[in-house]
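**Student:** Take a look at work17.csv, CSV, C-alpha atoms:
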chain,number,residue,atom,x,y,z
A,1,MET,CA,-1.7,-10.0,-26.4
A,2,SER,CA,2.0,-9.9,-26.7
A,3,GLY,CA,2.4,-7.0,-24.2
A,4,PHE,CA,0.3,-8.7,-21.5
A,5,PHE,CA,2.2,-10.9,-19.1
A,6,PHE,CA,0.7,-14.2,-18.1
A,7,VAL,CA,2.1,-17.7,-17.5
A,8,ASP,CA,2.2,-20.3,-20.2
A,9,PRO,CA,-0.5,-22.9,-19.2
A,10,GLU,CA,2.0,-25.8,-19.7
A,11,LEU,CA,4.5,-24.2,-17.3
A,12,TYR,CA,1.6,-23.6,-14.9
A,13,ARG,CA,0.5,-27.2,-15.0
A,14,ARG,CA,4.0,-28.4,-14.4
A,15,TYR,CA,4.7,-26.3,-11.3
A,16,LYS,CA,1.4,-25.5,-9.7
A,17,ASP,CA,1.4,-28.3,-7.1
A,18,GLN,CA,5.0,-27.6,-6.0
A,19,VAL,CA,4.4,-23.9,-5.8
A,20,LEU,CA,1.2,-24.4,-3.7
A,21,GLU,CA,2.9,-26.8,-1.4
A,22,LEU,CA,5.8,-24.5,-0.8
A,23,SER,CA,3.6,-21.4,-0.3
A,24,ASN,CA,1.1,-20.5,2.4
A,25,SER,CA,-1.8,-22.1,0.7
A,26,VAL,CA,-2.0,-25.1,3.0
A,27,GLN,CA,-0.6,-24.0,6.3
A,28,ILE,CA,0.9,-26.2,9.0
A,29,ASN,CA,2.3,-24.4,12.0
A,30,VAL,CA,3.0,-21.1,10.1
A,31,GLN,CA,2.1,-18.7,12.9
A,32,GLU,CA,4.7,-16.1,13.6
A,33,HIS,CA,4.6,-16.6,17.4
A,34,LEU,CA,5.9,-20.1,17.2
A,35,PRO,CA,9.5,-20.8,18.1
A,36,ARG,CA,11.9,-20.8,15.2
A,37,GLU,CA,12.4,-24.6,15.5
A,38,GLN,CA,8.7,-25.3,15.4
A,39,ARG,CA,7.6,-22.8,12.8
A,40,ARG,CA,7.1,-24.1,9.3
A,41,ARG,CA,6.3,-20.9,7.4
A,42,GLY,CA,5.4,-20.9,3.8
A,43,LEU,CA,8.1,-19.7,1.5
A,44,SER,CA,7.9,-16.3,-0.3
A,45,ASP,CA,7.7,-16.2,-4.0
A,46,ARG,CA,11.3,-15.2,-4.2
A,47,GLU,CA,12.4,-18.2,-2.1
A,48,ILE,CA,10.2,-20.6,-4.2
A,49,ALA,CA,11.6,-19.2,-7.4
A,50,LYS,CA,15.1,-19.8,-6.1
A,51,ARG,CA,14.3,-23.3,-5.1
A,52,LEU,CA,12.6,-24.2,-8.4
A,53,GLY,CA,14.9,-22.3,-10.7
A,54,LEU,CA,12.2,-20.0,-11.9
A,55,ASP,CA,11.7,-16.3,-12.2
A,56,GLU,CA,10.0,-14.7,-9.2
A,57,ARG,CA,7.3,-13.1,-11.4
A,58,VAL,CA,6.5,-16.5,-12.9
A,59,VAL,CA,6.2,-18.1,-9.4
A,60,ARG,CA,3.9,-15.2,-8.3
A,61,GLU,CA,1.6,-15.8,-11.2
A,62,ILE,CA,1.6,-19.5,-10.9
A,63,ARG,CA,0.7,-19.2,-7.1
A,64,VAL,CA,-2.0,-16.6,-7.6
A,65,VAL,CA,-3.7,-18.7,-10.4
A,66,ALA,CA,-3.3,-22.0,-8.5
A,67,GLU,CA,-4.8,-20.5,-5.3
A,68,ARG,CA,-8.0,-19.8,-7.2
A,69,ASP,CA,-7.8,-23.0,-9.3
A,70,ARG,CA,-7.5,-25.3,-6.3
A,71,TYR,CA,-11.2,-25.7,-5.8
A,72,ASP,CA,-14.0,-26.0,-8.4
A,73,ILE,CA,-17.0,-23.7,-8.4
A,74,GLU,CA,-18.9,-26.4,-6.7
A,75,GLU,CA,-16.9,-25.7,-3.5
A,76,TRP,CA,-18.2,-22.1,-3.6
A,77,GLN,CA,-21.7,-23.5,-3.7
A,78,LYS,CA,-21.0,-25.8,-0.8
A,79,ALA,CA,-19.7,-22.8,1.1
A,80,ILE,CA,-23.1,-21.1,1.0
A,81,GLU,CA,-24.8,-24.3,2.2
A,82,PHE,CA,-22.2,-24.7,5.0
A,83,LYS,CA,-22.6,-21.2,6.3
A,84,ASP,CA,-26.4,-21.4,6.1
A,85,ARG,CA,-26.4,-24.6,8.1
A,86,ALA,CA,-23.9,-23.4,10.8
A,87,CYS,CA,-25.4,-20.0,11.2
A,88,ARG,CA,-29.0,-21.2,11.6
A,89,ALA,CA,-27.9,-23.9,14.0
A,90,TYR,CA,-26.2,-21.3,16.2
A,91,ALA,CA,-29.2,-19.0,16.1
A,92,LYS,CA,-31.4,-21.9,17.3
A,93,ASP,CA,-29.2,-23.6,19.9
A,94,GLY,CA,-26.3,-21.2,20.6
A,95,ALA,CA,-22.8,-22.6,20.8
A,96,SER,CA,-24.2,-25.8,22.3
A,97,TYR,CA,-24.8,-27.1,18.8
A,98,VAL,CA,-21.2,-27.9,18.5
A,99,PHE,CA,-21.1,-30.2,21.5
A,100,GLU,CA,-21.4,-34.0,21.2
A,101,GLY,CA,-24.9,-35.3,21.8
A,102,ARG,CA,-26.4,-31.9,21.5
A,103,ARG,CA,-26.0,-31.5,17.8
A,104,LYS,CA,-29.2,-31.2,15.9
A,105,ARG,CA,-27.9,-30.8,12.4
B,1,MET,CA,6.8,-2.0,28.0
B,2,THR,CA,9.8,0.1,27.3
B,3,THR,CA,9.9,3.5,28.8
B,4,GLU,CA,11.5,6.1,26.6
B,5,THR,CA,11.8,9.5,28.3
B,6,LYS,CA,14.1,11.1,25.8
B,7,LYS,CA,12.4,13.9,24.0
B,8,VAL,CA,12.3,14.0,20.2
B,9,ARG,CA,12.4,16.9,17.9
B,10,ASN,CA,10.6,17.4,14.6
B,11,ARG,CA,11.7,19.4,11.6
B,12,ARG,CA,9.7,22.4,12.8
B,13,ASP,CA,11.9,22.4,15.9
B,14,GLN,CA,9.1,21.3,18.2
B,15,THR,CA,9.9,18.8,20.9
B,16,PHE,CA,7.8,16.0,22.2
B,17,ASP,CA,7.9,13.5,25.0
B,18,PRO,CA,7.1,10.1,23.3
B,19,ALA,CA,5.3,8.8,26.4
B,20,VAL,CA,3.1,11.8,26.7
B,21,ALA,CA,2.4,11.7,22.9
B,22,LYS,CA,1.4,8.0,23.2
B,23,ASP,CA,-0.9,8.7,26.1
B,24,GLU,CA,-2.7,11.4,24.0
B,25,LEU,CA,-2.8,9.1,21.0
B,26,ARG,CA,-4.4,6.3,23.0
B,27,LYS,CA,-7.0,8.7,24.4
B,28,GLU,CA,-7.8,9.9,20.9
B,29,ALA,CA,-8.1,6.3,19.7
B,30,LEU,CA,-10.4,5.3,22.5
B,31,ARG,CA,-12.5,8.4,22.1
B,32,GLY,CA,-12.7,7.5,18.4
B,33,GLY,CA,-14.2,4.1,19.1
B,34,ALA,CA,-11.2,1.8,19.5
B,35,LEU,CA,-11.4,-1.0,22.0
B,36,ALA,CA,-7.7,-1.8,21.8
B,37,CYS,CA,-4.7,0.4,21.0
B,38,GLY,CA,-1.0,-0.6,21.1
B,39,VAL,CA,2.4,0.1,19.6
B,40,ALA,CA,4.7,-2.4,17.9
B,41,ASP,CA,8.4,-2.0,17.3
B,42,ALA,CA,8.9,-1.6,13.5
B,43,ALA,CA,12.1,-3.7,13.8
B,44,ALA,CA,10.2,-6.6,15.4
B,45,PHE,CA,8.5,-7.8,12.2
B,46,THR,CA,11.3,-10.4,11.6
B,47,ALA,CA,8.9,-13.2,10.8
B,48,ALA,CA,7.2,-11.3,8.1
B,49,PRO,CA,8.1,-12.0,4.4
B,50,GLU,CA,10.5,-9.6,2.7
B,51,GLY,CA,8.6,-6.7,1.2
B,52,GLN,CA,5.9,-6.8,3.9
B,53,ARG,CA,7.8,-5.2,6.8
B,54,PRO,CA,7.2,-1.6,8.0
B,55,ALA,CA,10.3,-0.1,6.5
B,56,ASP,CA,9.4,-1.6,3.1
B,57,LEU,CA,6.3,0.7,3.2
B,58,LEU,CA,7.8,3.7,4.9
B,59,PRO,CA,11.6,4.2,5.0
B,60,GLY,CA,12.8,5.1,8.5
B,61,ALA,CA,9.8,3.5,10.1
B,62,ARG,CA,10.3,3.2,13.9
B,63,THR,CA,6.9,2.1,15.3
B,64,VAL,CA,3.6,0.7,14.2
B,65,VAL,CA,0.4,2.0,15.9
B,66,VAL,CA,-2.5,-0.5,15.9
B,67,VAL,CA,-6.1,0.2,16.8
B,68,GLY,CA,-8.7,-2.5,17.2
B,69,GLY,CA,-12.5,-2.3,17.3
B,70,GLY,CA,-15.5,-2.3,15.1
B,71,ALA,CA,-16.5,-5.9,15.9
B,72,PRO,CA,-19.9,-7.2,15.0
B,73,ARG,CA,-22.6,-6.6,17.7
B,74,ALA,CA,-24.4,-9.2,19.7
B,75,GLY,CA,-27.4,-9.0,17.4
B,76,ASP,CA,-25.2,-9.6,14.3
B,77,TRP,CA,-23.9,-12.8,15.8
B,78,ARG,CA,-27.4,-13.9,16.7
B,79,SER,CA,-29.0,-13.5,13.3
B,80,PRO,CA,-29.9,-16.8,11.5
B,81,LEU,CA,-29.0,-15.1,8.2
B,82,HIS,CA,-25.3,-15.6,7.4
B,83,GLU,CA,-25.8,-13.1,4.6
B,84,HIS,CA,-26.4,-10.4,7.1
B,85,GLN,CA,-22.8,-10.2,8.4
B,86,GLU,CA,-21.5,-10.8,4.9
B,87,THR,CA,-23.2,-7.6,3.8
B,88,MET,CA,-22.7,-5.1,6.6
B,89,GLY,CA,-19.0,-5.6,7.3
B,90,THR,CA,-17.8,-3.3,10.1
B,91,SER,CA,-14.1,-3.1,9.3
B,92,ASP,CA,-14.5,0.2,7.6
B,93,ARG,CA,-15.2,1.9,11.0
B,94,ILE,CA,-11.7,1.0,12.3
B,95,ASN,CA,-10.1,1.9,9.0
B,96,SER,CA,-11.5,5.4,9.2
B,97,LEU,CA,-10.1,5.7,12.7
B,98,GLY,CA,-6.7,4.5,11.4
B,99,LEU,CA,-6.7,7.2,8.8
B,100,LYS,CA,-7.6,9.8,11.5
B,101,ILE,CA,-4.7,8.6,13.7
B,102,ALA,CA,-2.3,8.9,10.8
B,103,LYS,CA,-3.4,12.4,10.1
B,104,LEU,CA,-3.1,13.2,13.8
B,105,ILE,CA,0.5,12.0,13.9
B,106,GLU,CA,1.5,14.1,10.9
B,107,ASP,CA,-0.4,17.2,11.8
B,108,ARG,CA,0.3,17.3,15.6
B,109,LEU,CA,3.7,15.7,15.9
B,110,GLY,CA,5.1,16.4,12.5
B,111,PHE,CA,6.4,12.9,11.8
B,112,PHE,CA,5.6,10.6,8.8
B,113,ALA,CA,2.6,8.4,9.3
B,114,LEU,CA,1.4,5.8,6.7
B,115,PHE,CA,-2.0,4.1,7.1
B,116,VAL,CA,-1.5,0.5,5.9
B,117,PRO,CA,-4.1,-0.1,3.1
B,118,PRO,CA,-6.5,-2.9,4.1
B,119,GLY,CA,-6.7,-4.1,0.5
B,120,MET,CA,-4.3,-6.4,-1.5
B,121,ASN,CA,-0.9,-5.6,-3.0
B,122,LYS,CA,0.5,-7.5,-6.0
B,123,GLY,CA,0.5,-11.3,-5.9
B,124,ASN,CA,-2.7,-11.3,-3.8
B,125,GLN,CA,-0.6,-10.5,-0.8
B,126,PRO,CA,-1.2,-7.9,1.9
B,127,PHE,CA,1.0,-4.8,2.1
B,128,LEU,CA,1.7,-5.7,5.7
B,129,SER,CA,0.0,-8.3,7.9
B,130,VAL,CA,-2.2,-6.1,10.1
B,131,GLN,CA,-2.9,-9.1,12.3
B,132,TYR,CA,0.8,-9.7,12.9
B,133,ALA,CA,1.2,-5.9,13.7
B,134,ALA,CA,-1.7,-6.2,16.2
B,135,GLU,CA,0.0,-9.2,17.8
B,136,LEU,CA,3.3,-7.4,18.1
B,137,ALA,CA,1.5,-4.4,19.6
B,138,GLY,CA,-0.1,-6.5,22.3
B,139,CYS,CA,-3.6,-6.1,21.1
B,140,GLY,CA,-4.4,-9.8,21.1
B,141,SER,CA,-2.9,-13.3,20.7
B,142,PRO,CA,-3.1,-15.9,17.9
B,143,SER,CA,-5.9,-18.5,17.9
B,144,LEU,CA,-6.5,-22.0,16.6
B,145,ALA,CA,-9.3,-20.6,14.4
B,146,GLY,CA,-6.9,-18.0,12.9
B,147,PRO,CA,-8.0,-14.5,13.8
B,148,LEU,CA,-6.2,-12.7,16.6
B,149,LEU,CA,-8.2,-12.8,19.8
B,150,HIS,CA,-8.4,-10.0,22.3
B,151,LYS,CA,-8.7,-11.5,25.8
B,152,GLN,CA,-11.7,-9.3,26.7
B,153,TYR,CA,-13.4,-8.7,23.3
B,154,GLY,CA,-12.5,-11.7,21.2
B,155,MET,CA,-12.3,-11.0,17.5
B,156,LEU,CA,-11.8,-7.4,16.5
B,157,TYR,CA,-11.0,-5.6,13.3
B,158,TYR,CA,-7.6,-3.8,13.2
B,159,ALA,CA,-6.0,-0.9,11.4
B,160,ALA,CA,-2.2,-0.2,11.5
B,161,ILE,CA,-0.3,3.0,11.0
B,162,VAL,CA,3.5,2.9,10.3
B,163,THR,CA,5.3,5.9,11.6
B,164,THR,CA,8.7,7.5,12.0
B,165,PHE,CA,7.7,8.7,15.5
B,166,PRO,CA,9.3,6.7,18.3
B,167,PHE,CA,6.3,5.9,20.4
B,168,PRO,CA,7.1,3.7,23.4
B,169,VAL,CA,6.6,0.1,22.4
B,170,ASP,CA,4.0,-2.2,24.1
B,171,GLY,CA,5.3,-5.5,22.6
B,172,PRO,CA,3.4,-8.8,22.3
B,173,SER,CA,1.0,-9.8,25.1
B,174,THR,CA,2.1,-12.5,27.4
B,175,GLU,CA,-1.5,-13.6,27.9
B,176,GLN,CA,-3.0,-16.2,25.5
B,177,ALA,CA,-6.7,-15.9,24.9
B,178,CYS,CA,-6.8,-19.2,23.0
B,179,PRO,CA,-7.6,-21.9,24.1
B,180,ALA,CA,-10.4,-20.7,26.4
B,181,PRO,CA,-10.9,-22.9,29.5
B,182,SER,CA,-14.1,-24.3,28.1
B,183,CYS,CA,-12.3,-25.3,24.9
B,184,VAL,CA,-9.6,-27.1,27.0
B,185,GLU,CA,-12.4,-29.0,28.8
B,186,MET,CA,-14.1,-29.8,25.5
B,187,TRP,CA,-10.8,-31.1,24.1
B,188,GLU,CA,-10.3,-33.4,27.1
B,189,ARG,CA,-13.8,-34.7,26.7
B,190,GLU,CA,-14.3,-34.9,23.0
B,191,ARG,CA,-10.9,-34.4,21.4
B,192,THR,CA,-12.1,-31.4,19.5
B,193,THR,CA,-12.9,-27.7,20.1
B,194,PRO,CA,-15.8,-25.6,18.9
B,195,CYS,CA,-13.9,-24.1,16.0
B,196,LEU,CA,-12.5,-27.4,14.9
B,197,ARG,CA,-15.9,-29.1,15.1
B,198,VAL,CA,-17.6,-26.5,12.9
B,199,CYS,CA,-14.9,-26.4,10.2
B,200,PRO,CA,-12.8,-29.7,10.4
B,201,ILE,CA,-10.0,-29.9,7.8
B,202,ASP,CA,-10.3,-33.6,7.5
B,203,SER,CA,-14.0,-33.5,6.7
B,204,GLY,CA,-14.4,-30.7,4.1
B,205,GLY,CA,-13.4,-27.8,6.4
B,206,CYS,CA,-10.4,-25.5,6.9
B,207,LEU,CA,-9.1,-26.1,10.4
B,208,GLY,CA,-7.0,-28.7,12.2
B,209,GLY,CA,-5.0,-28.9,15.3
B,210,GLU,CA,-4.9,-30.0,18.9
B,211,ILE,CA,-4.8,-28.7,22.5
B,212,ALA,CA,-1.8,-29.6,24.6
B,213,GLU,CA,-0.3,-28.2,27.8
B,214,GLY,CA,-2.9,-25.4,27.8
B,215,GLY,CA,-2.0,-24.2,24.3
B,216,PHE,CA,-2.9,-25.1,20.7
B,217,ARG,CA,-0.5,-27.2,18.7
B,218,ASN,CA,0.1,-28.4,15.1
B,219,ARG,CA,-2.4,-26.0,13.6
B,220,ARG,CA,-3.4,-26.8,10.1
B,221,TYR,CA,-5.3,-24.5,7.8
B,222,ASP,CA,-6.5,-24.8,4.2
B,223,ALA,CA,-6.3,-21.2,3.0
B,224,ALA,CA,-7.8,-22.0,-0.4
B,225,ARG,CA,-10.9,-23.6,1.0
B,226,CYS,CA,-11.3,-20.8,3.5
B,227,THR,CA,-11.3,-18.5,0.6
B,228,THR,CA,-14.3,-20.2,-0.9
B,229,ARG,CA,-16.1,-19.4,2.4
B,230,VAL,CA,-14.7,-16.0,3.3
B,231,TYR,CA,-14.9,-14.6,-0.2
B,232,THR,CA,-17.8,-16.6,-1.6
B,233,HIS,CA,-19.4,-13.5,-3.2
B,234,TRP,CA,-16.3,-11.4,-3.6
B,235,ILE,CA,-13.4,-11.2,-6.1
B,236,PRO,CA,-12.6,-15.0,-5.9
B,237,GLY,CA,-16.3,-15.9,-6.3
B,238,PHE,CA,-16.6,-13.5,-9.2
B,239,GLN,CA,-13.6,-15.0,-11.0
B,240,LYS,CA,-15.0,-18.5,-10.6
B,241,SER,CA,-18.5,-17.7,-11.8
B,242,LEU,CA,-17.1,-15.5,-14.6
B,243,GLU,CA,-15.1,-18.5,-15.7
B,244,ALA,CA,-18.2,-20.6,-15.7
B,245,VAL,CA,-20.0,-17.9,-17.9
B,246,LEU,CA,-17.1,-17.8,-20.4
B,247,GLU,CA,-16.9,-21.6,-20.6
B,248,GLU,CA,-20.6,-21.9,-21.3
B,249,LYS,CA,-21.2,-22.1,-25.1
B,250,ASP,CA,-25.1,-22.2,-25.0
B,251,PRO,CA,-26.4,-18.6,-24.8
B,252,GLU,CA,-29.5,-19.6,-22.9
B,253,ARG,CA,-27.5,-21.5,-20.2
B,254,ARG,CA,-25.0,-18.6,-20.1
B,255,LYS,CA,-27.9,-16.2,-19.3
B,256,MET,CA,-29.0,-18.5,-16.5
B,257,ILE,CA,-25.6,-18.2,-14.8
B,258,LEU,CA,-25.1,-14.5,-15.6
B,259,TYR,CA,-28.5,-13.4,-14.4
B,260,GLY,CA,-28.7,-16.0,-11.7
B,261,SER,CA,-28.6,-15.5,-7.9
B,262,PHE,CA,-24.8,-16.4,-7.4
B,263,PHE,CA,-23.5,-14.0,-10.0
B,264,THR,CA,-26.0,-11.3,-9.0
B,265,ARG,CA,-25.2,-11.4,-5.3
B,266,THR,CA,-21.5,-11.4,-6.0
B,267,LEU,CA,-21.8,-8.2,-8.0
B,268,TRP,CA,-23.9,-6.6,-5.3
B,269,ALA,CA,-21.3,-7.6,-2.7
B,270,MET,CA,-18.4,-6.3,-4.7
B,271,THR,CA,-20.0,-2.9,-5.4
B,272,TYR,CA,-21.4,-2.5,-1.9
B,273,SER,CA,-18.1,-1.2,-0.4
B,274,ALA,CA,-14.5,-0.6,-1.2
B,275,GLN,CA,-13.4,-2.7,1.8
B,276,SER,CA,-12.6,-6.4,1.8
B,277,GLN,CA,-15.6,-7.9,3.5
B,278,ALA,CA,-15.3,-11.2,5.4
B,279,GLN,CA,-18.1,-13.5,4.5
B,280,CYS,CA,-17.6,-16.4,6.9
B,281,TYR,CA,-17.7,-16.2,10.6
B,282,GLU,CA,-18.6,-19.7,11.6
B,283,CYS,CA,-15.4,-20.7,13.5
B,284,ILE,CA,-15.5,-17.4,15.4
B,285,ARG,CA,-19.3,-17.5,16.0
B,286,VAL,CA,-18.8,-20.5,18.3
B,287,CYS,CA,-15.5,-19.2,19.9
B,288,PRO,CA,-16.2,-18.5,23.6
B,289,VAL,CA,-13.6,-15.7,23.9
B,290,GLY,CA,-15.3,-12.4,24.5
B,291,THR,CA,-18.8,-13.8,24.2
B,292,GLU,CA,-19.9,-12.3,27.6
B,293,ARG,CA,-20.8,-9.2,25.5
B,294,HIS,CA,-23.1,-11.3,23.3
B,295,ASP,CA,-25.4,-12.1,26.2
B,296,LYS,CA,-28.4,-9.9,25.6
B,297,ALA,CA,-32.2,-10.3,26.1
Could you take the file, read its structure, and then write that structure out as structure tokens?
**Tutor:**
Amino acid sequence: MSGFFFVDPELYRRYKDQVLELSNSVQINVQEHLPREQRRRGLSDREIAKRLGLDERVVREIRVVAERDRYDIEEWQKAIEFKDRACRAYAKDGASYVFEGRRKR
Amino acid sequence: MTTETKKVRNRRDQTFDPAVAKDELRKEALRGGALACGVADAAAFTAAPEGQRPADLLPGARTVVVVGGGAPRAGDWRSPLHEHQETMGTSDRINSLGLKIAKLIEDRLGFFALFVPPGMNKGNQPFLSVQYAAELAGCGSPSLAGPLLHKQYGMLYYAAIVTTFPFPVDGPSTEQACPAPSCVEMWERERTTPCLRVCPIDSGGCLGGEIAEGGFRNRRYDAARCTTRVYTHWIPGFQKSLEAVLEEKDPERRKMILYGSFFTRTLWAMTYSAQSQAQCYECIRVCPVGTERHDKA
């Protein structure tokens, strides 16, 4: 597969946490409407590449793989259970199911 | 709103009053089913990453027209089956209106118009954040849950059209829909809001934040976990379950995964429509903004 570009797994393991932390994967005050001094936007792939001394294309691949790799397949199964529980609770009790003392889950 | 009265001329030597053209465009949009329609300044996307600004898609871009609508109906929100909304996504309605608006600008006004594709560009990134465009066009305001909220209609789907035509710009709304008064009261009483309670980031969910001085502060969002919920049976879910199939050495066990309900539903979802379908609505289901329309018998 010499003509197909993908990131070396060792390189991926070395940088994935840093890349995710610098990107938009976990967001804290990233919204565009926030004042410049409050906003903590995620960095672009180009900015991360510059900071870590990597090629932009390598950073992009590390980020895309890491975003999918972050949670195991079990989290996907939990997602189904979460949605089923929340949706049925709303159908039964309306939005009141989220209020303290009125939760029946 | 800026008022631009200077007429503009196209290459066919036709002249147009931008304000009149905008009025006609808005009427067409509303007639086509839009609940919201606004115009953003193409130069205002300063907070967008490089490569995801209007002029990156269309050189010479001057404005971005945004139409919003196609929200799930009251009955959709009421269904106890979360799979229902996952399957019948309504965003394609507003996208077809967006394509119509782009055609209208080119055919009637003779200026370039580019419909922003709703799918993904390279690096799993949007071509342009349609939500940011909608915010800059005054169609809604940011929320603690994430989606842009229209003061009257709550969550809407949006389509954006980048154009070289200088429509008068609406600009961002000064009215904030989030937090709703009932959410402020809930925060004062319980130190949480409906969306935060449903999906708390510190207890296996995606959202964190607080309410202060009538606004939301310190919003936290786990995009990767949200992906597991929004795209359970979509490309990400397919990648994860395919990985499980490929890792399984036992042919009988492999068959159980491959023919099983998760993999099967994922394939159905992916082939059902060419649009990205959201598959989790739980933070917005409990959001009080725009819910007056959900009150049916």
**Student:** What gap, in Å, lies between CA of Gly94 in chain A and CA of Arg73 in chain B?
**Tutor:**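 Going from CA of Gly94 in chain A over to CA of Arg73 in chain B covers 15.3 Å.
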**Student:** Pick out the closest residue to chain A from this set: B:Val230, B:Val184, B:Leu258, B:Leu109. Count only C-alpha atoms.
**Tutor:** B:Val230
**Student:** What lies within 12 Å of Ala89 in chain A using only C-alpha atoms, ignoring chain neighbours under 5 positions off, as a list in words?
**Tutor:**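 Final neighbour list, sorted by chain and number: Phe82, Lys83, Asp84, Gly94, Ala95, Ser96, Tyr97, Val98, Phe99, Arg102, Arg103, Lys104 and Arg105 of chain A; Trp77, Arg78, Ser79, Pro80, Leu81, His82, Val198, Glu282, Arg285 and Val286 of chain B.
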**Student:** At what distance in Å, to one decimal, does CA of Phe263 in chain B lie from CA of Ser241 in chain B?
**Tutor:** 6.5 Å
**Student:** Which distance in Å separates CA of Ile80 in chain A and CA of Gly68 in chain B, to one decimal?
**Tutor:**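 Atom-to-atom, CA of Ile80 in chain A to CA of Gly68 in chain B, that is 28.6 Å.
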